[in-house]
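Q: Here's a structure for you.
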Amino acid sequence: MSQAINRYKTDLRELNFVLFEQFKLAELLSKEPFASWDEDSVKMVVNEVARFGREVTGPLNATGDKQGCRIENGRVITPEGFKDAWKKLYDAGWRTLGAPVEWGGQGAPHALAAIVEEIMSGANAAFNMYPGLTYGAVELLIQCATEEQKKKFVPAMLDGRCGGTMCLTEPHAGSDVGSARTTASRNADGTFSIKGTKIYISAGDHDLSYDDNVVHLVLARIDGAPLGTKGLSLFIVPRVWINDDGSKGEYNDVSVGSIEHKMGINGSATCVLNFGENGACRGELVGGVENVGMSQMFKMMNGARIAVGIQGLSLASTAYLNALEYAKERKQGASITRWKDPTAPRASIIEHADVRRMLMEMKARVEGVRALVVKLASHVDRAHAAHGHDEEAYAYHMGQVELLTPLVKSYGSDQSFRVCEMAIQTYGGAGYTRDYPVEQYCRDSKIFSIYEGTNHIQAMDLVGRKLGQNGGAHTQQFLQDVGTFVATHRDHPVLGDAVKVLGEAQESLGGMVMRLLGWFQSGQIQLVPLAANRFLEMMSEVAVGWLLLDAARIAEERLPSVADDHPDKAFYLGKRYAARFFALNVLPGVVHKAQILDAGDTSAIDVPDEAFATL
């Protein structure tokens, strides 16, 4: 293999800041349910996973993009080096960090698991799809499968013997999962015969797992079940049958029809899978319960949606850090103060105002999305810590998880593509070439806004379901949390003017919540899908602006005690300026978006189809 180059970059100081200074993970450590973890062990894991990304998977990122996957003799062959990386990953134990201890996992906090996922995805998003989807399938089985099914499948998937997938989409249906035609017919032995085709199945086949096996979680309709999503059941369908004693059985009639040739994440095999072409495909009903496949699959999909937001964060972060390094080194033009002087020395492009603006916007968006991701993960950890003895706290934290999930998925993925595009712009023409990594990051990141439910689906989930959950209590608690921060810090000597802008944005967001409710109640339902995406963006920007200002508040408290020559001086100042930039340049747009939505323009739905274009 030719010498690979690692371009992955991460800021360990920033990762430790969000974990310990902003979201105070140490408060939860060394006590249940995280009794075996302390601050030193968390930091050790972050450091070692970052090293793994730099040394093992990062150098394979460009290789995977260039080689892609191919089919040989009906099987997917992954890029050079991926199989060795799979072995090193599972030998190191990084894929069992968040798994329950009773299943051989390490029971790590979700906040740590989120940071680890960011590092792994940032180093090589395509490779990380394979173990990432496997772990998501494991989480579903732990929650929904029978004890016998768990014992048969979970250990083999946690230790790398088997991969895992989620199989929803069909050629005729796309996101309309309820139109699925894959069938399940009862067999005398309690299994089901599965027949149908699924498309766009990430990691649908590969040569990585030790047992050369993939366990598919397949949505299918049992003969006679109702139409729509209510009639779907979920089945465990291994590529190679697994016997009750864990041994490998016969080939299970799961074939790869083709693999997609994509814009990005080329090292990840996106497959067309055919189940039962020869009438010999069997599956086990998950949990032994019929017609609850969608609710079971959502347990995996919700985790997958959070993971997609983390994928977006990961590529945005390394794209920004690569662009920052380039801007410091690349010399072009003279300083604006000497632009007429032909003898003036060439300046590093980081000295040019527009480059600084792009770098500041990238920094603010990356750090804001990271704070949003860890905020959600922190809610999960605090819910688990409260469960069983403080049910009010448990309900609050889990309610915020529900509310923030579509924000993390959609805003994280949308901003990823935007930041990667800005990184290319920072490089100029060089960024458009494959000599630098940002063009791959941009191509890889585009899919994030599409899979695991397009971002419009996420927006409709937010306005149609999440805002009104628990009588709207989760939404009101979010707005109150932001409002309390504004009331407490609006007179801050450094951040006060920015906090006031956050307050205006929060008020506009609250007003828009009421406007959406009015549209539902007054029968103006057609306005809801027109407004949903813009509303999700508004809510995300309020959340990000709040969390950036919270980080800046912490930084301002630390700054007086930091020596001028200490690296933390610049780090904390960066927090100040990132928060102010976002508040003063982005948050006013929340107010403007509310004004646009208030106008209730329906041009997009009123226009006749023929008026779009004459073809």
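Going through the structure tokens in order, the chains are called A, B, and so on, while each chain numbers its residues from 1 and the ligands are numbered from 1 in the order shown.
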Please provide as a PyMOL selection string all residues within 8 Å of Trp103 in chain A, with the sequence filter that same-chain residues fewer than 2 positions apart are discarded (counting only C-alpha atoms).

A: chain A and resi 99-101+105+154-155

Q: Using only C-alpha atoms, which residues sit within 12 Å of Leu548 in chain A once same-chain residues fewer than 5 positions away are excluded, as a PyMOL selection string?

A: chain A and resi 18+22+363-372+375+482+485+495+498-499+502+541-543+553-555+572+574-583+587

Q: Residues near Gly464 in chain A, anyone? I mean within 9 Å using only C-alpha atoms, not counting same-chain ones fewer than 4 positions away, as an NGL selection string.

A: :A and (459-460 or 468 or 528 or 532)

Q: Given the selection you just returned, output its residues as a file containing C-alpha atoms, formatted as a short mmCIF file (atom, residue, chain, number, x, y, z; two decimals), in the first residue's frame.

A:
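Result file is out_39.cif:
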```cif
data_model
loop_
_atom_site.label_atom_id
_atom_site.label_comp_id
_atom_site.auth_asym_id
_atom_site.auth_seq_id
_atom_site.Cartn_x
_atom_site.Cartn_y
_atom_site.Cartn_z
CA ALA A 459 -38.45 19.65 10.57
CA MET A 460 -41.93 18.18 10.25
CA GLY A 468 -46.48 19.51 21.38
CA VAL A 528 -46.88 24.31 8.32
CA ALA A 532 -41.07 23.89 9.11
#
```

Q: At a cut-off of 10 Å, using only C-alpha atoms, what residues contact range 271-283 of chain A? Leave out same-chain residues fewer than 5 positions from it and give the result as a JSON list (two decimals) with N, CA, C and O atoms, in the first residue's frame.

A:
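result_10.json written:
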```json
[["chain", "number", "residue", "atom", "x", "y", "z"],
["A", 76, "VAL", "N", -19.17, -7.64, -1.53],
["A", 76, "VAL", "CA", -18.54, -6.33, -1.51],
["A", 76, "VAL", "C", -17.11, -6.44, -0.98],
["A", 76, "VAL", "O", -16.88, -7.05, 0.07],
["A", 167, "CYS", "N", -32.58, -1.87, 7.48],
["A", 167, "CYS", "CA", -33.10, -1.99, 6.11],
["A", 167, "CYS", "C", -34.55, -1.51, 6.05],
["A", 167, "CYS", "O", -35.46, -2.26, 6.40],
["A", 169, "THR", "N", -35.63, 1.31, 3.35],
["A", 169, "THR", "CA", -36.02, 1.93, 2.08],
["A", 169, "THR", "C", -36.17, 0.90, 0.97],
["A", 169, "THR", "O", -35.35, -0.01, 0.84],
["A", 170, "GLU", "N", -37.22, 1.09, 0.15],
["A", 170, "GLU", "CA", -37.46, 0.23, -0.99],
["A", 170, "GLU", "C", -37.52, 1.07, -2.27],
["A", 170, "GLU", "O", -37.79, 2.28, -2.21],
["A", 171, "PRO", "N", -37.27, 0.46, -3.43],
["A", 171, "PRO", "CA", -37.13, 1.23, -4.67],
["A", 171, "PRO", "C", -38.32, 2.13, -5.00],
["A", 171, "PRO", "O", -38.14, 3.26, -5.45],
["A", 182, "THR", "N", -41.89, -5.57, 1.06],
["A", 182, "THR", "CA", -41.17, -6.76, 1.52],
["A", 182, "THR", "C", -42.10, -7.57, 2.41],
["A", 182, "THR", "O", -42.74, -7.03, 3.32],
["A", 183, "THR", "N", -42.18, -8.86, 2.16],
["A", 183, "THR", "CA", -43.14, -9.72, 2.85],
["A", 183, "THR", "C", -42.45, -10.69, 3.80],
["A", 183, "THR", "O", -41.28, -11.02, 3.66],
["A", 184, "ALA", "N", -43.22, -11.14, 4.77],
["A", 184, "ALA", "CA", -42.76, -12.14, 5.74],
["A", 184, "ALA", "C", -43.86, -13.20, 5.88],
["A", 184, "ALA", "O", -45.00, -12.86, 6.24],
["A", 185, "SER", "N", -43.52, -14.43, 5.58],
["A", 185, "SER", "CA", -44.49, -15.53, 5.66],
["A", 185, "SER", "C", -44.08, -16.49, 6.77],
["A", 185, "SER", "O", -42.90, -16.83, 6.92],
["A", 186, "ARG", "N", -45.06, -16.93, 7.54],
["A", 186, "ARG", "CA", -44.78, -17.79, 8.70],
["A", 186, "ARG", "C", -44.27, -19.16, 8.27],
["A", 186, "ARG", "O", -44.79, -19.77, 7.35],
["A", 187, "ASN", "N", -43.27, -19.65, 9.02],
["A", 187, "ASN", "CA", -42.76, -21.01, 8.84],
["A", 187, "ASN", "C", -43.13, -21.85, 10.06],
["A", 187, "ASN", "O", -43.37, -21.33, 11.16],
["A", 190, "GLY", "N", -41.29, -21.40, 13.48],
["A", 190, "GLY", "CA", -41.36, -20.11, 14.18],
["A", 190, "GLY", "C", -40.61, -18.99, 13.49],
["A", 190, "GLY", "O", -40.74, -17.82, 13.88],
["A", 191, "THR", "N", -39.80, -19.31, 12.47],
["A", 191, "THR", "CA", -39.14, -18.28, 11.69],
["A", 191, "THR", "C", -40.09, -17.77, 10.61],
["A", 191, "THR", "O", -41.23, -18.25, 10.48],
["A", 192, "PHE", "N", -39.63, -16.78, 9.86],
["A", 192, "PHE", "CA", -40.43, -16.22, 8.78],
["A", 192, "PHE", "C", -39.61, -16.24, 7.49],
["A", 192, "PHE", "O", -38.39, -15.99, 7.52],
["A", 193, "SER", "N", -40.26, -16.53, 6.38],
["A", 193, "SER", "CA", -39.62, -16.43, 5.08],
["A", 193, "SER", "C", -39.72, -14.98, 4.60],
["A", 193, "SER", "O", -40.83, -14.43, 4.51],
["A", 194, "ILE", "N", -38.58, -14.38, 4.30],
["A", 194, "ILE", "CA", -38.51, -12.97, 3.93],
["A", 194, "ILE", "C", -38.27, -12.86, 2.43],
["A", 194, "ILE", "O", -37.41, -13.55, 1.87],
["A", 195, "LYS", "N", -39.03, -11.96, 1.79],
["A", 195, "LYS", "CA", -38.86, -11.75, 0.35],
["A", 195, "LYS", "C", -39.08, -10.28, 0.01],
["A", 195, "LYS", "O", -40.11, -9.71, 0.37],
["A", 196, "GLY", "N", -38.09, -9.68, -0.64],
["A", 196, "GLY", "CA", -38.22, -8.29, -1.04],
["A", 196, "GLY", "C", -36.87, -7.67, -1.35],
["A", 196, "GLY", "O", -35.82, -8.32, -1.27],
["A", 197, "THR", "N", -36.89, -6.40, -1.72],
["A", 197, "THR", "CA", -35.67, -5.67, -2.09],
["A", 197, "THR", "C", -35.59, -4.39, -1.27],
["A", 197, "THR", "O", -36.59, -3.66, -1.15],
["A", 198, "LYS", "N", -34.42, -4.11, -0.74],
["A", 198, "LYS", "CA", -34.16, -2.87, -0.03],
["A", 198, "LYS", "C", -33.01, -2.14, -0.73],
["A", 198, "LYS", "O", -32.07, -2.76, -1.24],
["A", 199, "ILE", "N", -33.11, -0.80, -0.74],
["A", 199, "ILE", "CA", -32.08, 0.00, -1.42],
["A", 199, "ILE", "C", -31.45, 0.99, -0.44],
["A", 199, "ILE", "O", -31.98, 1.24, 0.63],
["A", 200, "TYR", "N", -30.32, 1.55, -0.87],
["A", 200, "TYR", "CA", -29.58, 2.54, -0.10],
["A", 200, "TYR", "C", -29.20, 1.98, 1.29],
["A", 200, "TYR", "O", -29.26, 2.71, 2.28],
["A", 201, "ILE", "N", -28.80, 0.72, 1.36],
["A", 201, "ILE", "CA", -28.46, 0.12, 2.64],
["A", 201, "ILE", "C", -26.98, 0.33, 2.92],
["A", 201, "ILE", "O", -26.11, -0.34, 2.33],
["A", 202, "SER", "N", -26.68, 1.27, 3.79],
["A", 202, "SER", "CA", -25.30, 1.55, 4.15],
["A", 202, "SER", "C", -24.69, 0.35, 4.86],
["A", 202, "SER", "O", -25.33, -0.26, 5.72],
["A", 203, "ALA", "N", -23.45, 0.01, 4.49],
["A", 203, "ALA", "CA", -22.75, -1.13, 5.07],
["A", 203, "ALA", "C", -23.51, -2.43, 4.84],
["A", 203, "ALA", "O", -23.38, -3.38, 5.62],
["A", 204, "GLY", "N", -24.30, -2.49, 3.76],
["A", 204, "GLY", "CA", -25.15, -3.64, 3.50],
["A", 204, "GLY", "C", -24.40, -4.93, 3.27],
["A", 204, "GLY", "O", -24.94, -6.01, 3.48],
["A", 205, "ASP", "N", -23.15, -4.83, 2.85],
["A", 205, "ASP", "CA", -22.30, -6.01, 2.73],
["A", 205, "ASP", "C", -20.86, -5.53, 2.79],
["A", 205, "ASP", "O", -20.55, -4.38, 2.41],
["A", 206, "HIS", "N", -19.98, -6.36, 3.30],
["A", 206, "HIS", "CA", -18.56, -6.00, 3.37],
["A", 206, "HIS", "C", -17.74, -7.23, 3.73],
["A", 206, "HIS", "O", -18.28, -8.29, 4.06],
["A", 216, "HIS", "N", -28.84, -8.18, 9.35],
["A", 216, "HIS", "CA", -29.73, -7.13, 8.85],
["A", 216, "HIS", "C", -30.99, -7.05, 9.71],
["A", 216, "HIS", "O", -31.57, -8.07, 10.06],
["A", 217, "LEU", "N", -31.40, -5.84, 10.04],
["A", 217, "LEU", "CA", -32.68, -5.60, 10.69],
["A", 217, "LEU", "C", -33.62, -5.09, 9.60],
["A", 217, "LEU", "O", -33.46, -3.98, 9.09],
["A", 218, "VAL", "N", -34.61, -5.91, 9.24],
["A", 218, "VAL", "CA", -35.40, -5.70, 8.04],
["A", 218, "VAL", "C", -36.87, -5.46, 8.40],
["A", 218, "VAL", "O", -37.49, -6.27, 9.10],
["A", 234, "LEU", "N", -40.48, -6.10, 12.42],
["A", 234, "LEU", "CA", -39.03, -6.03, 12.28],
["A", 234, "LEU", "C", -38.43, -7.42, 12.46],
["A", 234, "LEU", "O", -38.79, -8.14, 13.41],
["A", 235, "PHE", "N", -37.50, -7.76, 11.56],
["A", 235, "PHE", "CA", -36.93, -9.10, 11.55],
["A", 235, "PHE", "C", -35.40, -9.05, 11.59],
["A", 235, "PHE", "O", -34.78, -8.14, 11.02],
["A", 236, "ILE", "N", -34.83, -10.04, 12.27],
["A", 236, "ILE", "CA", -33.38, -10.24, 12.27],
["A", 236, "ILE", "C", -33.07, -11.20, 11.14],
["A", 236, "ILE", "O", -33.51, -12.35, 11.15],
["A", 237, "VAL", "N", -32.31, -10.72, 10.16],
["A", 237, "VAL", "CA", -32.04, -11.52, 8.96],
["A", 237, "VAL", "C", -30.53, -11.53, 8.72],
["A", 237, "VAL", "O", -30.00, -10.64, 8.04],
["A", 238, "PRO", "N", -29.81, -12.51, 9.24],
["A", 238, "PRO", "CA", -28.37, -12.57, 8.98],
["A", 238, "PRO", "C", -28.07, -13.02, 7.56],
["A", 238, "PRO", "O", -28.84, -13.78, 6.97],
["A", 239, "ARG", "N", -26.98, -12.54, 7.01],
["A", 239, "ARG", "CA", -26.56, -12.99, 5.68],
["A", 239, "ARG", "C", -26.26, -14.48, 5.69],
["A", 239, "ARG", "O", -26.60, -15.20, 4.76],
["A", 240, "VAL", "N", -25.59, -14.93, 6.76],
["A", 240, "VAL", "CA", -25.36, -16.35, 7.00],
["A", 240, "VAL", "C", -26.11, -16.70, 8.28],
["A", 240, "VAL", "O", -25.96, -16.03, 9.31],
["A", 241, "TRP", "N", -26.95, -17.73, 8.23],
["A", 241, "TRP", "CA", -27.77, -18.09, 9.38],
["A", 241, "TRP", "C", -26.89, -18.37, 10.60],
["A", 241, "TRP", "O", -25.81, -18.95, 10.48],
["A", 251, "TYR", "N", -25.87, -20.34, 4.14],
["A", 251, "TYR", "CA", -26.13, -19.05, 3.49],
["A", 251, "TYR", "C", -27.63, -18.79, 3.51],
["A", 251, "TYR", "O", -28.44, -19.69, 3.23],
["A", 252, "ASN", "N", -28.04, -17.57, 3.80],
["A", 252, "ASN", "CA", -29.44, -17.25, 4.06],
["A", 252, "ASN", "C", -30.13, -16.52, 2.91],
["A", 252, "ASN", "O", -31.10, -15.80, 3.13],
["A", 253, "ASP", "N", -29.65, -16.68, 1.68],
["A", 253, "ASP", "CA", -30.33, -16.13, 0.51],
["A", 253, "ASP", "C", -30.51, -14.61, 0.59],
["A", 253, "ASP", "O", -31.59, -14.08, 0.31],
["A", 254, "VAL", "N", -29.43, -13.93, 1.03],
["A", 254, "VAL", "CA", -29.39, -12.46, 1.00],
["A", 254, "VAL", "C", -28.29, -12.08, 0.01],
["A", 254, "VAL", "O", -27.12, -12.39, 0.24],
["A", 255, "SER", "N", -28.65, -11.43, -1.08],
["A", 255, "SER", "CA", -27.67, -11.14, -2.12],
["A", 255, "SER", "C", -27.56, -9.65, -2.38],
["A", 255, "SER", "O", -28.50, -8.89, -2.16],
["A", 256, "VAL", "N", -26.39, -9.25, -2.85],
["A", 256, "VAL", "CA", -26.13, -7.85, -3.20],
["A", 256, "VAL", "C", -26.48, -7.66, -4.67],
["A", 256, "VAL", "O", -25.83, -8.23, -5.55],
["A", 257, "GLY", "N", -27.51, -6.84, -4.93],
["A", 257, "GLY", "CA", -27.89, -6.57, -6.31],
["A", 257, "GLY", "C", -26.90, -5.64, -6.99],
["A", 257, "GLY", "O", -26.54, -5.82, -8.16],
["A", 258, "SER", "N", -26.46, -4.63, -6.25],
["A", 258, "SER", "CA", -25.51, -3.66, -6.79],
["A", 258, "SER", "C", -25.05, -2.77, -5.65],
["A", 258, "SER", "O", -25.59, -2.82, -4.54],
["A", 259, "ILE", "N", -24.05, -1.95, -5.91],
["A", 259, "ILE", "CA", -23.66, -0.90, -4.97],
["A", 259, "ILE", "C", -23.75, 0.44, -5.69],
["A", 259, "ILE", "O", -23.52, 0.52, -6.91],
["A", 260, "GLU", "N", -24.13, 1.46, -4.94],
["A", 260, "GLU", "CA", -24.30, 2.78, -5.52],
["A", 260, "GLU", "C", -22.95, 3.45, -5.75],
["A", 260, "GLU", "O", -22.02, 3.31, -4.97],
["A", 261, "HIS", "N", -22.86, 4.21, -6.86],
["A", 261, "HIS", "CA", -21.69, 5.02, -7.16],
["A", 261, "HIS", "C", -22.06, 6.45, -6.79],
["A", 261, "HIS", "O", -22.89, 7.08, -7.45]]
```

Q: Quick check for you: according to DSSP on this backbone, which residues of range 29-216 of chain A are classed as helix (DSSP H, G or I)? Reply as a PyMOL selection string.

A: chain A and resi 39-67+82-92+94-96+101-103+110-123+125-144+147-158+177-179

Q: Could you find all residues in range 88-179 of chain A that DSSP calls strand (DSSP E) from the backbone, and write them as a list in words?

A: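 Answer for range 88-179 of chain A restricted to strand (DSSP E) is Cys162, Gly163, Gly164, Thr165, Met166 and Cys167 of chain A.
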
Q: Using only C-alpha atoms, find the one residue out of A:Arg13, A:His110, A:Lys446, A:Arg221 that sits nearest to Pro567 in chain A.

A: A:Arg13

Q: For Ser268 in chain A, please output as a PyMOL selection string all residues within 12 Å (counting only C-alpha atoms; exclusion window: fewer than 3 positions along the same chain).

A: chain A and resi 61+63-70+76-79+82+124-133+200-208+259-265+271+444+447

Q: Export N, CA and C atoms of the chosen residues as a short mmCIF file (atom, residue, chain, number, x, y, z; two decimals), in the first residue's frame?

A:
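This is the output file part.cif:
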```cif
data_model
loop_
_atom_site.label_atom_id
_atom_site.label_comp_id
_atom_site.auth_asym_id
_atom_site.auth_seq_id
_atom_site.Cartn_x
_atom_site.Cartn_y
_atom_site.Cartn_z
N ASN A 61 -8.54 7.59 4.77
CA ASN A 61 -9.70 8.35 4.31
C ASN A 61 -9.63 8.65 2.82
N THR A 63 -7.65 7.19 0.69
CA THR A 63 -7.56 5.90 -0.01
C THR A 63 -8.95 5.34 -0.28
N GLY A 64 -9.80 5.35 0.76
CA GLY A 64 -11.15 4.84 0.60
C GLY A 64 -11.94 5.63 -0.42
N ASP A 65 -11.73 6.95 -0.43
CA ASP A 65 -12.44 7.80 -1.38
C ASP A 65 -12.02 7.49 -2.81
N LYS A 66 -10.73 7.27 -3.00
CA LYS A 66 -10.21 7.02 -4.34
C LYS A 66 -10.57 5.62 -4.84
N GLN A 67 -10.43 4.60 -3.98
CA GLN A 67 -10.67 3.22 -4.41
C GLN A 67 -12.14 2.87 -4.42
N GLY A 68 -12.89 3.36 -3.43
CA GLY A 68 -14.29 2.98 -3.30
C GLY A 68 -14.44 1.50 -3.02
N CYS A 69 -15.67 1.01 -3.14
CA CYS A 69 -15.96 -0.41 -2.94
C CYS A 69 -16.27 -1.04 -4.29
N ARG A 70 -16.13 -2.35 -4.36
CA ARG A 70 -16.44 -3.07 -5.59
C ARG A 70 -17.06 -4.42 -5.25
N VAL A 76 -19.17 -7.64 -1.53
CA VAL A 76 -18.54 -6.33 -1.51
C VAL A 76 -17.11 -6.44 -0.98
N ILE A 77 -16.19 -5.83 -1.69
CA ILE A 77 -14.80 -5.73 -1.25
C ILE A 77 -14.55 -4.27 -0.88
N THR A 78 -14.13 -4.04 0.33
CA THR A 78 -13.90 -2.68 0.82
C THR A 78 -12.50 -2.20 0.45
N PRO A 79 -12.23 -0.91 0.59
CA PRO A 79 -10.92 -0.37 0.19
C PRO A 79 -9.76 -0.98 0.99
N PHE A 82 -9.00 -1.24 5.10
CA PHE A 82 -10.17 -1.19 5.96
C PHE A 82 -10.28 -2.43 6.86
N ASN A 124 -12.44 9.34 9.47
CA ASN A 124 -12.79 8.55 8.28
C ASN A 124 -14.28 8.23 8.35
N ALA A 125 -15.10 9.12 7.82
CA ALA A 125 -16.55 8.97 7.92
C ALA A 125 -17.04 7.70 7.24
N ALA A 126 -16.45 7.36 6.10
CA ALA A 126 -16.90 6.18 5.36
C ALA A 126 -16.61 4.90 6.13
N PHE A 127 -15.40 4.77 6.65
CA PHE A 127 -15.07 3.57 7.43
C PHE A 127 -15.95 3.45 8.66
N ASN A 128 -16.18 4.56 9.33
CA ASN A 128 -16.91 4.52 10.59
C ASN A 128 -18.38 4.14 10.40
N MET A 129 -18.87 4.19 9.17
CA MET A 129 -20.25 3.75 8.92
C MET A 129 -20.43 2.28 9.28
N TYR A 130 -19.43 1.45 9.00
CA TYR A 130 -19.58 0.01 9.22
C TYR A 130 -19.74 -0.34 10.70
N PRO A 131 -18.81 0.04 11.57
CA PRO A 131 -19.02 -0.26 12.99
C PRO A 131 -20.11 0.58 13.62
N GLY A 132 -20.34 1.80 13.10
CA GLY A 132 -21.37 2.65 13.68
C GLY A 132 -22.75 2.06 13.51
N LEU A 133 -23.07 1.58 12.32
CA LEU A 133 -24.38 0.96 12.09
C LEU A 133 -24.50 -0.34 12.87
N TYR A 200 -30.32 1.55 -0.87
CA TYR A 200 -29.58 2.54 -0.10
C TYR A 200 -29.20 1.98 1.29
N ILE A 201 -28.80 0.72 1.36
CA ILE A 201 -28.46 0.12 2.64
C ILE A 201 -26.98 0.33 2.92
N SER A 202 -26.68 1.27 3.79
CA SER A 202 -25.30 1.55 4.15
C SER A 202 -24.69 0.35 4.86
N ALA A 203 -23.45 0.01 4.49
CA ALA A 203 -22.75 -1.13 5.07
C ALA A 203 -23.51 -2.43 4.84
N GLY A 204 -24.30 -2.49 3.76
CA GLY A 204 -25.15 -3.64 3.50
C GLY A 204 -24.40 -4.93 3.27
N ASP A 205 -23.15 -4.83 2.85
CA ASP A 205 -22.30 -6.01 2.73
C ASP A 205 -20.86 -5.53 2.79
N HIS A 206 -19.98 -6.36 3.30
CA HIS A 206 -18.56 -6.00 3.37
C HIS A 206 -17.74 -7.23 3.73
N ASP A 207 -16.44 -7.06 3.67
CA ASP A 207 -15.51 -8.16 3.97
C ASP A 207 -14.75 -7.91 5.27
N LEU A 208 -15.33 -7.15 6.20
CA LEU A 208 -14.62 -6.71 7.38
C LEU A 208 -14.78 -7.63 8.58
N ILE A 259 -24.05 -1.95 -5.91
CA ILE A 259 -23.66 -0.90 -4.97
C ILE A 259 -23.75 0.44 -5.69
N GLU A 260 -24.13 1.46 -4.94
CA GLU A 260 -24.30 2.78 -5.52
C GLU A 260 -22.95 3.45 -5.75
N HIS A 261 -22.86 4.21 -6.86
CA HIS A 261 -21.69 5.02 -7.16
C HIS A 261 -22.06 6.45 -6.79
N LYS A 262 -21.43 6.96 -5.77
CA LYS A 262 -21.95 8.14 -5.07
C LYS A 262 -21.04 9.36 -5.22
N MET A 263 -21.58 10.47 -4.78
CA MET A 263 -20.84 11.73 -4.73
C MET A 263 -19.75 11.70 -3.67
N GLY A 264 -20.01 11.01 -2.57
CA GLY A 264 -19.06 10.97 -1.45
C GLY A 264 -19.18 9.69 -0.66
N ILE A 265 -18.56 9.67 0.50
CA ILE A 265 -18.40 8.48 1.36
C ILE A 265 -18.25 7.21 0.53
N CYS A 271 -25.73 -0.39 -0.58
CA CYS A 271 -26.11 -1.57 -1.35
C CYS A 271 -27.59 -1.64 -1.68
N ASP A 444 -18.36 14.35 0.95
CA ASP A 444 -18.82 13.37 1.94
C ASP A 444 -19.98 13.90 2.77
N ILE A 447 -24.47 14.00 1.99
CA ILE A 447 -25.47 12.97 2.25
C ILE A 447 -26.11 13.12 3.63
#
```

Q: Please, what distance in Å, to one decimal, runs between CA of Ala386 in chain A and CA of Ala26 in chain A?

A: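 Interatomic distance, CA of Ala386 in chain A to CA of Ala26 in chain A: 15.4 Å.
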
Q: What is the CA of Phe478 in chain A-CA of Leu516 in chain A distance in Å, reported with one decimal?

A: 16.7 Å

Q: Show which residues sit within 10 Å of Asp244 in chain A, as a count of residues only. Count only C-alpha atoms, and ignore same-chain residues fewer than 3 positions away.

A: 9

Q: How many Å lie between CA of Tyr326 in chain A and CA of Gly431 in chain A, rounded to one decimal?

A: 9.8 Å

Q: Which one is closest to Lys466 in chain A: A:Met360, A:Leu536, A:Leu509, A:Cys442? Count only C-alpha atoms.

A: A:Leu536

Q: Hey, which of A:Glu139, A:Glu21, A:Asp598, A:Asp159 ends up closest to Gln296 in chain A? Count only C-alpha atoms.

A: A:Glu139
